>>> print(open('target32.csv').read())   # CSV, C-alpha atoms and all ligand atoms
chain,number,residue,atom,x,y,z
A,1,MET,CA,30.5,-38.2,-25.7
A,2,LYS,CA,34.3,-38.1,-26.1
A,3,ILE,CA,36.1,-35.1,-24.7
A,4,THR,CA,38.2,-33.4,-27.5
A,5,SER,CA,39.3,-30.2,-25.9
A,6,VAL,CA,39.7,-28.5,-22.4
A,7,GLN,CA,40.3,-24.8,-22.6
A,8,PRO,CA,40.7,-22.5,-19.6
A,9,PHE,CA,39.3,-19.0,-19.5
A,10,ILE,CA,39.1,-15.9,-17.3
A,11,LEU,CA,36.4,-13.2,-17.2
A,12,HIS,CA,36.7,-10.2,-14.9
A,13,VAL,CA,33.3,-8.6,-14.3
A,14,PRO,CA,32.8,-5.2,-12.5
A,15,VAL,CA,30.9,-5.3,-9.1
A,16,THR,CA,28.0,-3.0,-8.3
A,17,GLY,CA,29.4,0.6,-8.0
A,18,SER,CA,33.1,0.8,-8.4
A,19,GLN,CA,34.2,-1.1,-5.3
A,20,ILE,CA,32.8,-3.1,-2.4
A,21,ALA,CA,34.3,-4.4,0.9
A,22,ASP,CA,33.5,-6.8,3.7
A,23,SER,CA,35.5,-7.2,6.9
A,24,THR,CA,38.4,-8.9,5.1
A,25,HIS,CA,38.3,-8.1,1.4
A,26,THR,CA,38.0,-5.1,-0.9
A,27,ILE,CA,37.3,-5.8,-4.6
A,28,THR,CA,36.4,-4.1,-7.8
A,29,HIS,CA,35.6,-7.1,-10.0
A,30,TRP,CA,34.4,-10.7,-9.7
A,31,GLY,CA,36.6,-13.3,-11.4
A,32,VAL,CA,34.8,-16.0,-13.5
A,33,VAL,CA,37.7,-18.5,-13.9
A,34,GLY,CA,36.7,-21.5,-15.8
A,35,ALA,CA,37.0,-24.4,-18.2
A,36,GLN,CA,35.4,-24.8,-21.7
A,37,ILE,CA,35.1,-28.5,-22.6
A,38,GLY,CA,34.5,-29.6,-26.1
A,39,THR,CA,33.2,-33.0,-27.3
A,40,GLU,CA,33.4,-34.9,-30.5
A,41,ASP,CA,29.7,-34.6,-31.1
A,42,GLY,CA,29.9,-30.8,-31.1
A,43,LEU,CA,28.6,-30.0,-27.6
A,44,THR,CA,30.4,-27.4,-25.4
A,45,GLY,CA,30.2,-27.4,-21.6
A,46,TYR,CA,31.2,-24.4,-19.4
A,47,GLY,CA,32.1,-24.4,-15.7
A,48,PHE,CA,33.8,-21.9,-13.5
A,49,THR,CA,35.0,-21.0,-10.1
A,50,GLY,CA,34.6,-17.5,-8.5
A,51,THR,CA,37.5,-15.3,-7.5
A,52,HIS,CA,38.4,-11.8,-6.5
A,53,ALA,CA,39.7,-11.1,-10.0
A,54,HIS,CA,43.4,-11.1,-9.0
A,55,LEU,CA,44.9,-12.0,-12.4
A,56,PRO,CA,48.1,-13.7,-11.2
A,57,SER,CA,46.3,-16.0,-8.9
A,58,ASP,CA,43.5,-16.6,-11.5
A,59,GLN,CA,46.2,-17.7,-13.8
A,60,LEU,CA,47.4,-20.3,-11.3
A,61,ILE,CA,43.9,-21.8,-11.6
A,62,THR,CA,43.8,-21.7,-15.4
A,63,ARG,CA,47.3,-23.2,-15.5
A,64,CYS,CA,46.2,-26.0,-13.3
A,65,ILE,CA,43.3,-26.7,-15.5
A,66,ALA,CA,45.4,-26.6,-18.7
A,67,THR,CA,48.4,-28.5,-17.5
A,68,CYS,CA,47.3,-30.9,-14.7
A,69,HIS,CA,43.6,-31.6,-15.2
A,70,ALA,CA,43.1,-31.4,-19.0
A,71,PRO,CA,45.5,-34.2,-20.0
A,72,LEU,CA,43.5,-36.6,-17.7
A,73,LEU,CA,40.3,-35.7,-19.5
A,74,LEU,CA,41.1,-35.8,-23.2
A,75,GLY,CA,39.5,-38.9,-24.8
A,76,GLU,CA,37.3,-39.6,-21.8
A,77,ASP,CA,33.5,-39.9,-21.9
A,78,ALA,CA,32.2,-36.6,-20.6
A,79,ARG,CA,29.1,-38.4,-19.2
A,80,ASP,CA,31.2,-40.3,-16.6
A,81,VAL,CA,31.0,-37.4,-14.1
A,82,ASN,CA,31.6,-39.4,-11.0
A,83,ARG,CA,34.5,-41.4,-12.3
A,84,LEU,CA,36.2,-38.4,-13.8
A,85,TRP,CA,35.7,-36.5,-10.4
A,86,LEU,CA,37.6,-39.3,-8.7
A,87,LYS,CA,40.2,-39.5,-11.4
A,88,LEU,CA,41.0,-35.8,-10.9
A,89,ALA,CA,40.6,-35.7,-7.1
A,90,ARG,CA,42.7,-38.8,-6.6
A,91,ASN,CA,45.4,-37.8,-9.1
A,92,PRO,CA,48.5,-38.7,-6.9
A,93,ALA,CA,50.6,-35.9,-8.4
A,94,LEU,CA,48.1,-33.2,-7.5
A,95,GLN,CA,47.1,-34.7,-4.2
A,96,TRP,CA,50.7,-34.4,-3.0
A,97,VAL,CA,50.8,-30.6,-3.6
A,98,GLY,CA,47.3,-29.7,-2.6
A,99,ARG,CA,44.1,-31.3,-1.4
A,100,ALA,CA,42.5,-27.8,-1.2
A,101,GLY,CA,42.9,-24.5,-2.8
A,102,ILE,CA,44.0,-24.0,-6.5
A,103,THR,CA,43.6,-27.8,-7.2
A,104,THR,CA,40.0,-27.8,-5.8
A,105,LEU,CA,38.9,-24.5,-7.4
A,106,SER,CA,40.2,-25.7,-10.8
A,107,GLN,CA,38.5,-29.0,-10.4
A,108,ALA,CA,35.3,-27.2,-9.5
A,109,ALA,CA,35.3,-25.5,-12.9
A,110,ILE,CA,35.8,-28.8,-14.7
A,111,ASP,CA,33.2,-30.7,-12.7
A,112,ILE,CA,30.6,-28.0,-13.3
A,113,ALA,CA,31.4,-28.0,-17.1
A,114,LEU,CA,30.9,-31.8,-17.1
A,115,TRP,CA,27.5,-31.4,-15.4
A,116,ASP,CA,26.7,-28.7,-17.9
A,117,LEU,CA,27.5,-31.0,-20.8
A,118,LYS,CA,25.5,-33.9,-19.2
A,119,ALA,CA,22.4,-31.7,-19.0
A,120,LYS,CA,22.9,-30.3,-22.5
A,121,ALA,CA,23.3,-33.8,-23.9
A,122,ALA,CA,20.0,-34.8,-22.2
A,123,GLY,CA,18.3,-31.6,-23.4
A,124,VAL,CA,17.2,-30.5,-19.9
A,125,PRO,CA,18.1,-27.8,-17.4
A,126,LEU,CA,20.4,-29.2,-14.7
A,127,TRP,CA,17.8,-29.3,-12.0
A,128,LYS,CA,15.9,-32.0,-13.9
A,129,LEU,CA,19.0,-34.1,-14.1
A,130,LEU,CA,19.5,-33.7,-10.3
A,131,GLY,CA,16.2,-35.4,-9.6
A,132,GLY,CA,13.6,-32.8,-10.6
A,133,GLN,CA,11.9,-29.8,-8.9
A,134,VAL,CA,11.3,-30.4,-5.1
A,135,ARG,CA,9.9,-26.9,-4.3
A,136,GLU,CA,7.6,-24.5,-6.2
A,137,LYS,CA,9.9,-21.5,-5.5
A,138,VAL,CA,13.4,-20.8,-4.2
A,139,ARG,CA,13.4,-17.8,-1.9
A,140,ALA,CA,16.2,-15.3,-2.5
A,141,TYR,CA,18.0,-13.1,0.0
A,142,ASN,CA,19.9,-10.0,-1.1
A,143,THR,CA,23.5,-9.6,-0.1
A,144,ASP,CA,24.4,-6.8,-2.5
A,145,ILE,CA,22.8,-4.1,-0.3
A,146,GLY,CA,24.8,-4.9,2.8
A,147,TRP,CA,28.5,-4.2,2.2
A,148,LEU,CA,30.6,-3.0,5.1
A,149,SER,CA,31.9,-0.2,2.8
A,150,LEU,CA,28.5,1.4,2.5
A,151,ALA,CA,27.8,4.4,4.7
A,152,ASP,CA,25.0,3.9,7.3
A,153,ASP,CA,22.4,5.9,5.4
A,154,ARG,CA,23.1,4.1,2.1
A,155,LEU,CA,22.9,0.7,3.9
A,156,VAL,CA,19.5,1.5,5.3
A,157,GLU,CA,18.3,2.9,2.0
A,158,GLY,CA,19.5,-0.2,0.1
A,159,ALA,CA,17.7,-2.5,2.6
A,160,ARG,CA,14.5,-0.6,2.2
A,161,ARG,CA,14.8,-0.7,-1.6
A,162,ALA,CA,15.4,-4.5,-1.6
A,163,VAL,CA,12.3,-5.0,0.5
A,164,ALA,CA,10.3,-2.7,-1.8
A,165,GLU,CA,11.5,-4.8,-4.8
A,166,GLY,CA,10.0,-7.9,-3.1
A,167,PHE,CA,12.9,-9.5,-1.2
A,168,THR,CA,11.9,-11.2,2.0
A,169,GLY,CA,15.4,-11.7,3.1
A,170,ILE,CA,18.6,-9.6,3.3
A,171,LYS,CA,22.1,-10.0,4.7
A,172,ILE,CA,24.4,-7.3,6.0
A,173,LYS,CA,28.1,-7.4,6.7
A,174,VAL,CA,29.6,-7.0,10.1
A,175,GLY,CA,33.2,-7.3,11.4
A,176,SER,CA,34.2,-3.7,11.8
A,177,THR,CA,33.6,-2.6,15.5
A,178,VAL,CA,31.0,-4.1,17.7
A,179,GLU,CA,29.5,-0.6,18.4
A,180,ARG,CA,29.3,0.4,14.7
A,181,ASP,CA,27.9,-3.0,13.6
A,182,LEU,CA,25.2,-3.0,16.3
A,183,ARG,CA,24.2,0.5,15.3
A,184,ARG,CA,23.8,-0.5,11.7
A,185,LEU,CA,22.0,-3.8,12.5
A,186,GLU,CA,19.5,-1.9,14.7
A,187,ALA,CA,18.9,0.7,12.0
A,188,VAL,CA,18.3,-1.9,9.3
A,189,ARG,CA,16.0,-3.9,11.5
A,190,ARG,CA,14.0,-0.8,12.2
A,191,ALA,CA,13.9,0.1,8.5
A,192,ILE,CA,12.7,-3.3,7.2
A,193,GLY,CA,10.3,-4.3,10.0
A,194,SER,CA,9.9,-7.7,11.6
A,195,ASP,CA,8.7,-9.7,8.6
A,196,VAL,CA,12.0,-9.7,6.6
A,197,THR,CA,14.7,-12.2,7.5
A,198,LEU,CA,18.0,-10.4,8.4
A,199,ALA,CA,21.2,-12.3,8.4
A,200,ILE,CA,24.7,-11.0,9.2
A,201,ASP,CA,28.1,-12.0,7.9
A,202,GLY,CA,31.5,-11.5,9.7
A,203,ASN,CA,33.7,-13.1,7.1
A,204,GLY,CA,35.8,-14.7,9.8
A,205,LYS,CA,37.1,-11.5,11.2
A,206,TRP,CA,36.4,-11.6,14.9
A,207,ASP,CA,37.7,-13.7,17.8
A,208,LEU,CA,35.4,-15.6,20.2
A,209,PRO,CA,35.2,-12.9,23.0
A,210,THR,CA,34.3,-10.2,20.4
A,211,CYS,CA,31.6,-12.5,18.9
A,212,LEU,CA,30.2,-13.3,22.4
A,213,ARG,CA,29.9,-9.6,23.2
A,214,PHE,CA,28.4,-8.8,19.9
A,215,CYS,CA,25.9,-11.6,20.0
A,216,ARG,CA,24.6,-10.7,23.5
A,217,ALA,CA,23.4,-7.4,22.2
A,218,ALA,CA,22.5,-8.6,18.6
A,219,GLU,CA,20.0,-11.2,19.9
A,220,ALA,CA,17.5,-8.3,20.4
A,221,PHE,CA,17.3,-7.8,16.6
A,222,ASP,CA,16.1,-11.2,15.5
A,223,VAL,CA,19.2,-12.2,13.5
A,224,TYR,CA,18.4,-15.0,11.0
A,225,TRP,CA,22.0,-16.3,11.1
A,226,PHE,CA,25.5,-15.1,12.0
A,227,GLU,CA,27.7,-16.2,9.0
A,228,GLU,CA,31.4,-16.9,9.5
A,229,PRO,CA,31.7,-15.3,12.9
A,230,LEU,CA,35.1,-16.8,13.5
A,231,TRP,CA,38.1,-18.1,11.5
A,232,TYR,CA,36.8,-20.5,8.9
A,233,ASP,CA,38.4,-23.7,10.2
A,234,ASP,CA,37.8,-23.1,13.9
A,235,VAL,CA,35.4,-26.0,14.8
A,236,GLN,CA,35.9,-25.6,18.6
A,237,GLY,CA,35.3,-21.9,18.6
A,238,HIS,CA,32.1,-22.2,16.5
A,239,ALA,CA,30.9,-25.0,18.8
A,240,GLU,CA,31.4,-22.8,21.8
A,241,LEU,CA,29.7,-19.8,20.2
A,242,ALA,CA,26.7,-22.0,19.0
A,243,ARG,CA,26.2,-23.1,22.6
A,244,ALA,CA,26.5,-19.5,24.0
A,245,THR,CA,24.1,-17.6,21.8
A,246,ARG,CA,20.5,-18.0,20.5
A,247,ILE,CA,21.6,-16.7,17.1
A,248,PRO,CA,22.0,-19.6,14.6
A,249,ILE,CA,25.5,-20.1,13.1
A,250,ALA,CA,26.1,-20.3,9.4
A,251,LEU,CA,29.3,-21.3,7.6
A,252,GLY,CA,30.9,-23.3,4.8
A,253,GLU,CA,31.9,-20.9,2.0
A,254,GLN,CA,35.6,-21.4,2.8
A,255,LEU,CA,35.5,-25.2,3.3
A,256,TYR,CA,37.0,-27.3,0.5
A,257,THR,CA,35.8,-30.8,1.2
A,258,HIS,CA,32.8,-32.7,2.7
A,259,ASP,CA,35.2,-34.0,5.3
A,260,ALA,CA,35.7,-30.4,6.5
A,261,PHE,CA,31.9,-30.0,7.0
A,262,ALA,CA,31.7,-33.3,8.9
A,263,GLY,CA,33.8,-31.9,11.8
A,264,PHE,CA,31.3,-29.0,12.2
A,265,PHE,CA,28.3,-31.3,12.0
A,266,GLN,CA,29.8,-33.7,14.6
A,267,ARG,CA,30.4,-30.9,17.1
A,268,GLY,CA,27.1,-29.1,16.7
A,269,ALA,CA,29.1,-26.0,15.5
A,270,VAL,CA,26.8,-25.0,12.5
A,271,HIS,CA,23.1,-24.5,12.0
A,272,TRP,CA,22.9,-23.2,8.4
A,273,VAL,CA,25.2,-25.1,6.0
A,274,GLN,CA,26.7,-23.1,3.2
A,275,PRO,CA,28.5,-25.2,0.6
A,276,ASP,CA,29.7,-23.6,-2.6
A,277,VAL,CA,30.1,-25.5,-5.8
A,278,THR,CA,32.9,-23.2,-6.9
A,279,ARG,CA,35.1,-23.8,-3.8
A,280,LEU,CA,34.4,-27.5,-3.2
A,281,ALA,CA,35.6,-29.5,-6.1
A,282,GLY,CA,32.4,-28.8,-8.0
A,283,LEU,CA,28.8,-29.7,-7.9
A,284,SER,CA,29.6,-33.4,-7.2
A,285,GLU,CA,31.2,-32.6,-3.9
A,286,ALA,CA,28.5,-30.0,-3.0
A,287,LEU,CA,25.9,-32.7,-3.4
A,288,ARG,CA,27.7,-34.8,-0.9
A,289,VAL,CA,27.6,-31.9,1.6
A,290,CYS,CA,23.9,-31.3,0.9
A,291,GLU,CA,23.2,-35.0,1.6
A,292,ALA,CA,25.2,-34.9,4.8
A,293,ALA,CA,23.4,-31.7,6.0
A,294,HIS,CA,20.1,-33.3,5.2
A,295,ALA,CA,21.0,-36.4,7.2
A,296,HIS,CA,21.7,-34.1,10.1
A,297,ARG,CA,18.4,-32.3,9.6
A,298,LEU,CA,20.3,-29.0,8.9
A,299,PRO,CA,19.1,-26.5,6.2
A,300,VAL,CA,21.4,-25.6,3.4
A,301,ALA,CA,21.8,-22.0,2.2
A,302,PRO,CA,24.5,-22.3,-0.6
A,303,HIS,CA,27.1,-19.6,-0.8
A,304,ALA,CA,27.0,-18.0,-4.2
A,305,GLY,CA,30.6,-18.0,-5.5
A,306,ASP,CA,28.9,-18.6,-8.9
A,307,MET,CA,26.4,-15.8,-8.1
A,308,SER,CA,23.8,-18.6,-8.1
A,309,GLN,CA,24.0,-19.5,-11.8
A,310,VAL,CA,24.5,-23.2,-10.8
A,311,HIS,CA,23.2,-23.1,-7.2
A,312,VAL,CA,19.7,-22.1,-8.5
A,313,HIS,CA,19.5,-25.6,-10.1
A,314,LEU,CA,20.8,-27.2,-6.9
A,315,SER,CA,18.3,-25.3,-4.8
A,316,TYR,CA,15.3,-26.2,-6.9
A,317,ALA,CA,16.3,-29.9,-6.9
A,318,HIS,CA,17.7,-30.6,-3.4
A,319,PRO,CA,15.4,-31.0,-0.4
A,320,ALA,CA,18.0,-29.5,2.0
A,321,CYS,CA,18.3,-26.2,0.2
A,322,ALA,CA,16.1,-23.6,2.0
A,323,VAL,CA,17.1,-20.1,0.7
A,324,LEU,CA,19.6,-18.8,-1.9
A,325,GLU,CA,22.0,-15.8,-2.0
A,326,TYR,CA,21.4,-13.1,-4.7
A,327,ILE,CA,24.2,-10.9,-5.9
A,328,PRO,CA,23.6,-9.6,-9.5
A,329,TRP,CA,27.2,-8.8,-10.6
A,330,ILE,CA,27.7,-11.5,-13.3
A,331,LYS,CA,24.3,-12.7,-14.2
A,332,ASP,CA,24.2,-10.7,-17.5
A,333,CYS,CA,27.3,-12.6,-18.7
A,334,PHE,CA,25.2,-15.7,-19.2
A,335,THR,CA,22.6,-16.8,-21.8
A,336,GLU,CA,20.2,-17.6,-18.9
A,337,PRO,CA,20.8,-15.2,-16.0
A,338,ALA,CA,19.9,-16.2,-12.4
A,339,GLU,CA,17.1,-13.8,-12.0
A,340,VAL,CA,14.9,-12.9,-9.1
A,341,VAL,CA,11.2,-12.0,-9.5
A,342,GLU,CA,9.1,-10.9,-6.5
A,343,GLY,CA,11.7,-12.3,-4.1
A,344,HIS,CA,12.2,-15.7,-5.7
A,345,PHE,CA,14.6,-17.2,-8.2
A,346,ARG,CA,13.0,-17.9,-11.6
A,347,LEU,CA,13.1,-21.6,-12.5
A,348,PRO,CA,15.8,-22.1,-15.2
A,349,GLN,CA,14.5,-23.4,-18.5
A,350,GLN,CA,17.5,-23.7,-20.8
A,351,PRO,CA,19.4,-27.1,-21.2
A,352,GLY,CA,22.6,-27.1,-19.1
A,353,ALA,CA,23.9,-25.7,-15.8
A,354,GLY,CA,23.4,-22.0,-16.5
A,355,THR,CA,27.0,-21.5,-17.2
A,356,THR,CA,27.1,-20.7,-20.9
A,357,PRO,CA,28.5,-17.1,-21.4
A,358,THR,CA,27.0,-14.7,-23.8
A,359,ALA,CA,29.0,-13.8,-26.9
A,360,ALA,CA,29.2,-10.2,-25.7
A,361,ALA,CA,30.7,-11.2,-22.3
A,362,TRP,CA,33.1,-13.6,-24.0
A,363,ALA,CA,34.3,-10.9,-26.3
A,364,SER,CA,34.6,-8.0,-23.9
A,365,LEU,CA,35.5,-9.4,-20.5
A,366,ARG,CA,38.2,-12.1,-21.2
A,367,GLN,CA,41.6,-11.8,-19.6
A,368,PRO,CA,44.8,-13.6,-20.7
A,369,VAL,CA,45.0,-17.1,-19.2
A,370,ALA,CA,48.8,-17.0,-18.9
B,401,MG,MG,29.8,-14.9,3.5
>>> encode(input="target32.csv", output="structure tokens", more="lines below")
Ligand SMILES: [Mg+2]
Amino acid sequence: MKITSVQPFILHVPVTGSQIADSTHTITHWGVVGAQIGTEDGLTGYGFTGTHAHLPSDQLITRCIATCHAPLLLGEDARDVNRLWLKLARNPALQWVGRAGITTLSQAAIDIALWDLKAKAAGVPLWKLLGGQVREKVRAYNTDIGWLSLADDRLVEGARRAVAEGFTGIKIKVGSTVERDLRRLEAVRRAIGSDVTLAIDGNGKWDLPTCLRFCRAAEAFDVYWFEEPLWYDDVQGHAELARATRIPIALGEQLYTHDAFAGFFQRGAVHWVQPDVTRLAGLSEALRVCEAAHAHRLPVAPHAGDMSQVHVHLSYAHPACAVLEYIPWIKDCFTEPAEVVEGHFRLPQQPGAGTTPTAAAWASLRQPVA
């Protein structure tokens, strides 16, 4: 299955409402920045990373795909996913300028496109290629009701609505002030009752003393996990917080390599592991993180930079994956959307990785790659 073309692409997809915010970012669109890989036998694979739809930085990623990665792929056998992963990740020229960031995000798009091709060539959905279905259903939790930019009454209304729709888990953003966030957390817990899991996400905003003060009071509200309480790379701080509070710590969406996760595992600094195929250098590296988490007896809750299009396959197939994030922004851009029915993700049926765009999305949402 010889590779004959590697074309980058950018789609910008509007978020729910006109704008959302967490403690550190305000966005209006989600960026689907990817690679379309053609083969001589006529198959096309699609893979993408997720961005905040900032066109100049999206174009750095597409330029890296087109000028640095693509020349190493043309003429290669697309089925050799592991060998090609190493070829790109150990490319001396790129390693020198970046073992994380644009180089990793762009490789993620390519690695996912290769897995998509591999599954399409086999005529099966990706989860079958990853070893088959290990659980009957993948439980979803809803993040799209919990933005920090929502007024208190709309936050509570959205939480109630999600539960009425069948979600058994939700997540709300924190990281404004301790007082405001505790008030919102208490209001949501009251609204949804005790049977729904309620996670919180600080997006790395607070320092350790603020987290300690917040957690002392938040423990009363049965918090499922506290995601990214501290700066993303702060192993020591997360280890100290994990020892000081009964609230489990979740992190990983901003980590680029399995080596970065290893530091948190070794120090007991994380309870819920959150790899993202779109930030790590693709599904291949995310599988290594899942295996390491599993070896440490830690559950995985993938972060959905792909809005779960690919992670739904991983979550059905990997024994470490316990629950999966649901944000519906981009699902209608794909021929098989990641859909939730009665609180659980539907098992994908189409051959591939769930990354093939619809003709309508391709025609209406594309941005210039350079
Ligand atoms: Mg998060």
>>> residues_around(input="target32.csv", residues="segment 49-56 of chain A", least_positions_apart="4", cutoff="7 Å", atoms="only C-alpha atoms", output="ChimeraX atom specification")
/A:12,27,29-34,60,105,108-109,278-279,305-306
>>> residues_near_ligand(input="target32.csv", ligand="ligand MG 401 (chain B)", cutoff="12 Å", atoms="only C-alpha atoms and all ligand atoms", output="PyMOL selection string")
chain A and resi 21-25+142-144+146-147+171-175+199-205+225-232+249-255+272-276+301-305+325-327
>>> atom_distance(input="target32.csv", atom1="atom CA of Val124 of chain A", atom2="atom CA of Gly45 of chain A")
13.5 Å
>>> residues_around(input="target32.csv", residues="Lys120 of chain A", least_positions_apart="6", cutoff="9 Å", atoms="all atoms listed in the file", output="list in words")
Leu43, Thr44, Gly45, Leu126, Gln350, Pro351, Gly352 and Ala353 of chain A
>>> closest_residue(input="target32.csv", among="A:Phe265, A:Trp115, A:Phe221, A:Tyr316", to="Arg135 of chain A", atoms="all atoms listed in the file")
A:Tyr316
>>> residues_around(input="target32.csv", residues="Gly263 of chain A", least_positions_apart="5", cutoff="12 Å", atoms="all atoms listed in the file", output="list in words")
Asp233, Asp234, Val235, Gln236, His238, Ala239, Gly252, Leu255, Thr257, His258, Gly268, Ala269, Val270, Val289, Ala292 and Ala293 of chain A
>>> residues_near_point(input="target32.csv", point="(22.0, -18.6, -12.7)", cutoff="8 Å", atoms="all atoms listed in the file", output="number ranges by chain")
A: 306-313, 331, 334, 336-339, 348, 353-355
>>> write_last_selection(input="target32.csv", atoms="C-alpha atoms", output="PDB file, keeping the file's coordinate frame")
ATOM      1  CA  ASP A 306      28.900 -18.600  -8.900  1.00  0.00           C
ATOM      2  CA  MET A 307      26.400 -15.800  -8.100  1.00  0.00           C
ATOM      3  CA  SER A 308      23.800 -18.600  -8.100  1.00  0.00           C
ATOM      4  CA  GLN A 309      24.000 -19.500 -11.800  1.00  0.00           C
ATOM      5  CA  VAL A 310      24.500 -23.200 -10.800  1.00  0.00           C
ATOM      6  CA  HIS A 311      23.200 -23.100  -7.200  1.00  0.00           C
ATOM      7  CA  VAL A 312      19.700 -22.100  -8.500  1.00  0.00           C
ATOM      8  CA  HIS A 313      19.500 -25.600 -10.100  1.00  0.00           C
ATOM      9  CA  LYS A 331      24.300 -12.700 -14.200  1.00  0.00           C
ATOM     10  CA  PHE A 334      25.200 -15.700 -19.200  1.00  0.00           C
ATOM     11  CA  GLU A 336      20.200 -17.600 -18.900  1.00  0.00           C
ATOM     12  CA  PRO A 337      20.800 -15.200 -16.000  1.00  0.00           C
ATOM     13  CA  ALA A 338      19.900 -16.200 -12.400  1.00  0.00           C
ATOM     14  CA  GLU A 339      17.100 -13.800 -12.000  1.00  0.00           C
ATOM     15  CA  PRO A 348      15.800 -22.100 -15.200  1.00  0.00           C
ATOM     16  CA  ALA A 353      23.900 -25.700 -15.800  1.00  0.00           C
ATOM     17  CA  GLY A 354      23.400 -22.000 -16.500  1.00  0.00           C
ATOM     18  CA  THR A 355      27.000 -21.500 -17.200  1.00  0.00           C
TER      19      THR A 355
END
>>> closest_residue(input="target32.csv", among="A:Thr197, A:Ser176, A:Thr4, A:Asn82", to="Cys211 of chain A", atoms="only C-alpha atoms")
A:Ser176
>>> closest_residue(input="target32.csv", among="A:Gly169, A:Arg183, A:Leu241, A:Ala162", to="Arg139 of chain A", atoms="all atoms listed in the file")
A:Gly169
>>> atom_distance(input="target32.csv", atom1="atom CA of Ala119 of chain A", atom2="atom CA of Glu76 of chain A")
17.1 Å
>>> closest_residue(input="target32.csv", among="A:Pro125, A:Pro8, A:Asp332, A:Val340", to="Ala359 of chain A", atoms="only C-alpha atoms")
A:Asp332
>>> residues_around(input="target32.csv", residues="Leu88 of chain A", least_positions_apart="3", cutoff="8 Å", atoms="all atoms listed in the file", output="ChimeraX atom specification")
/A:69,72,84-85,91,107
>>> atom_distance(input="target32.csv", atom1="atom CA of Ala220 of chain A", atom2="atom CA of Arg243 of chain A")
17.3 Å
>>> residues_around(input="target32.csv", residues="Arg161 of chain A", least_positions_apart="2", cutoff="12 Å", atoms="all atoms listed in the file", output="list of chain:residue names")
A:Asn142, A:Asp144, A:Ile145, A:Gly146, A:Arg154, A:Leu155, A:Val156, A:Glu157, A:Gly158, A:Ala159, A:Val163, A:Ala164, A:Glu165, A:Gly166, A:Phe167, A:Thr168, A:Gly169, A:Ile170, A:Val188, A:Ala191, A:Ile192
>>> closest_atom_pairs(input="target32.csv", of="segment 137-196 of chain A", to="segment 317-324 of chain A", cutoff="8 Å", atoms="all atoms listed in the file", output="CSV")
residue,atom,partner,partner_atom,distance
A:Val138,CA,A:Val323,CA,6.2
A:Arg139,CA,A:Val323,CA,5.1
A:Ala140,CA,A:Leu324,CA,4.9
A:Tyr141,CA,A:Leu324,CA,6.2
>>> write_last_selection(input="target32.csv", atoms="C-alpha atoms", output="PDB file, keeping the file's coordinate frame")
ATOM      1  CA  VAL A 138      13.400 -20.800  -4.200  1.00  0.00           C
ATOM      2  CA  ARG A 139      13.400 -17.800  -1.900  1.00  0.00           C
ATOM      3  CA  ALA A 140      16.200 -15.300  -2.500  1.00  0.00           C
ATOM      4  CA  TYR A 141      18.000 -13.100   0.000  1.00  0.00           C
TER       5      TYR A 141
END
>>> closest_residue(input="target32.csv", among="A:Thr67, A:Arg160, A:Ser18, A:Leu280", to="Arg190 of chain A", atoms="all atoms listed in the file")
A:Arg160
>>> closest_residue(input="target32.csv", among="A:Ala262, A:Val196, A:Val223, A:Ala370", to="Cys64 of chain A", atoms="all atoms listed in the file")
A:Ala370
>>> build_atoms(input="target32.csv", residues="segment 147-156 of chain A", atoms="N, CA and C atoms", output="PDB file, in the coordinates of the input")
ATOM      1  N   TRP A 147      27.008  -4.264   2.072  1.00  0.00           N
ATOM      2  CA  TRP A 147      28.500  -4.200   2.200  1.00  0.00           C
ATOM      3  C   TRP A 147      28.919  -3.349   3.352  1.00  0.00           C
ATOM      4  N   LEU A 148      30.030  -3.743   3.943  1.00  0.00           N
ATOM      5  CA  LEU A 148      30.600  -3.000   5.100  1.00  0.00           C
ATOM      6  C   LEU A 148      31.089  -1.622   4.642  1.00  0.00           C
ATOM      7  N   SER A 149      31.388  -1.506   3.346  1.00  0.00           N
ATOM      8  CA  SER A 149      31.900  -0.200   2.800  1.00  0.00           C
ATOM      9  C   SER A 149      30.817   0.808   2.600  1.00  0.00           C
ATOM     10  N   LEU A 150      29.548   0.423   2.720  1.00  0.00           N
ATOM     11  CA  LEU A 150      28.500   1.400   2.500  1.00  0.00           C
ATOM     12  C   LEU A 150      28.300   2.243   3.793  1.00  0.00           C
ATOM     13  N   ALA A 151      28.086   3.548   3.600  1.00  0.00           N
ATOM     14  CA  ALA A 151      27.800   4.400   4.700  1.00  0.00           C
ATOM     15  C   ALA A 151      26.429   3.992   5.338  1.00  0.00           C
ATOM     16  N   ASP A 152      26.219   4.342   6.594  1.00  0.00           N
ATOM     17  CA  ASP A 152      25.000   3.900   7.300  1.00  0.00           C
ATOM     18  C   ASP A 152      23.736   4.227   6.533  1.00  0.00           C
ATOM     19  N   ASP A 153      23.651   5.469   6.037  1.00  0.00           N
ATOM     20  CA  ASP A 153      22.400   5.900   5.400  1.00  0.00           C
ATOM     21  C   ASP A 153      22.178   5.124   4.070  1.00  0.00           C
ATOM     22  N   ARG A 154      23.256   4.828   3.358  1.00  0.00           N
ATOM     23  CA  ARG A 154      23.100   4.100   2.100  1.00  0.00           C
ATOM     24  C   ARG A 154      22.766   2.606   2.385  1.00  0.00           C
ATOM     25  N   LEU A 155      23.278   2.072   3.482  1.00  0.00           N
ATOM     26  CA  LEU A 155      22.900   0.700   3.900  1.00  0.00           C
ATOM     27  C   LEU A 155      21.426   0.609   4.157  1.00  0.00           C
ATOM     28  N   VAL A 156      20.920   1.530   4.926  1.00  0.00           N
ATOM     29  CA  VAL A 156      19.500   1.500   5.300  1.00  0.00           C
ATOM     30  C   VAL A 156      18.636   1.738   4.040  1.00  0.00           C
TER      31      VAL A 156
END
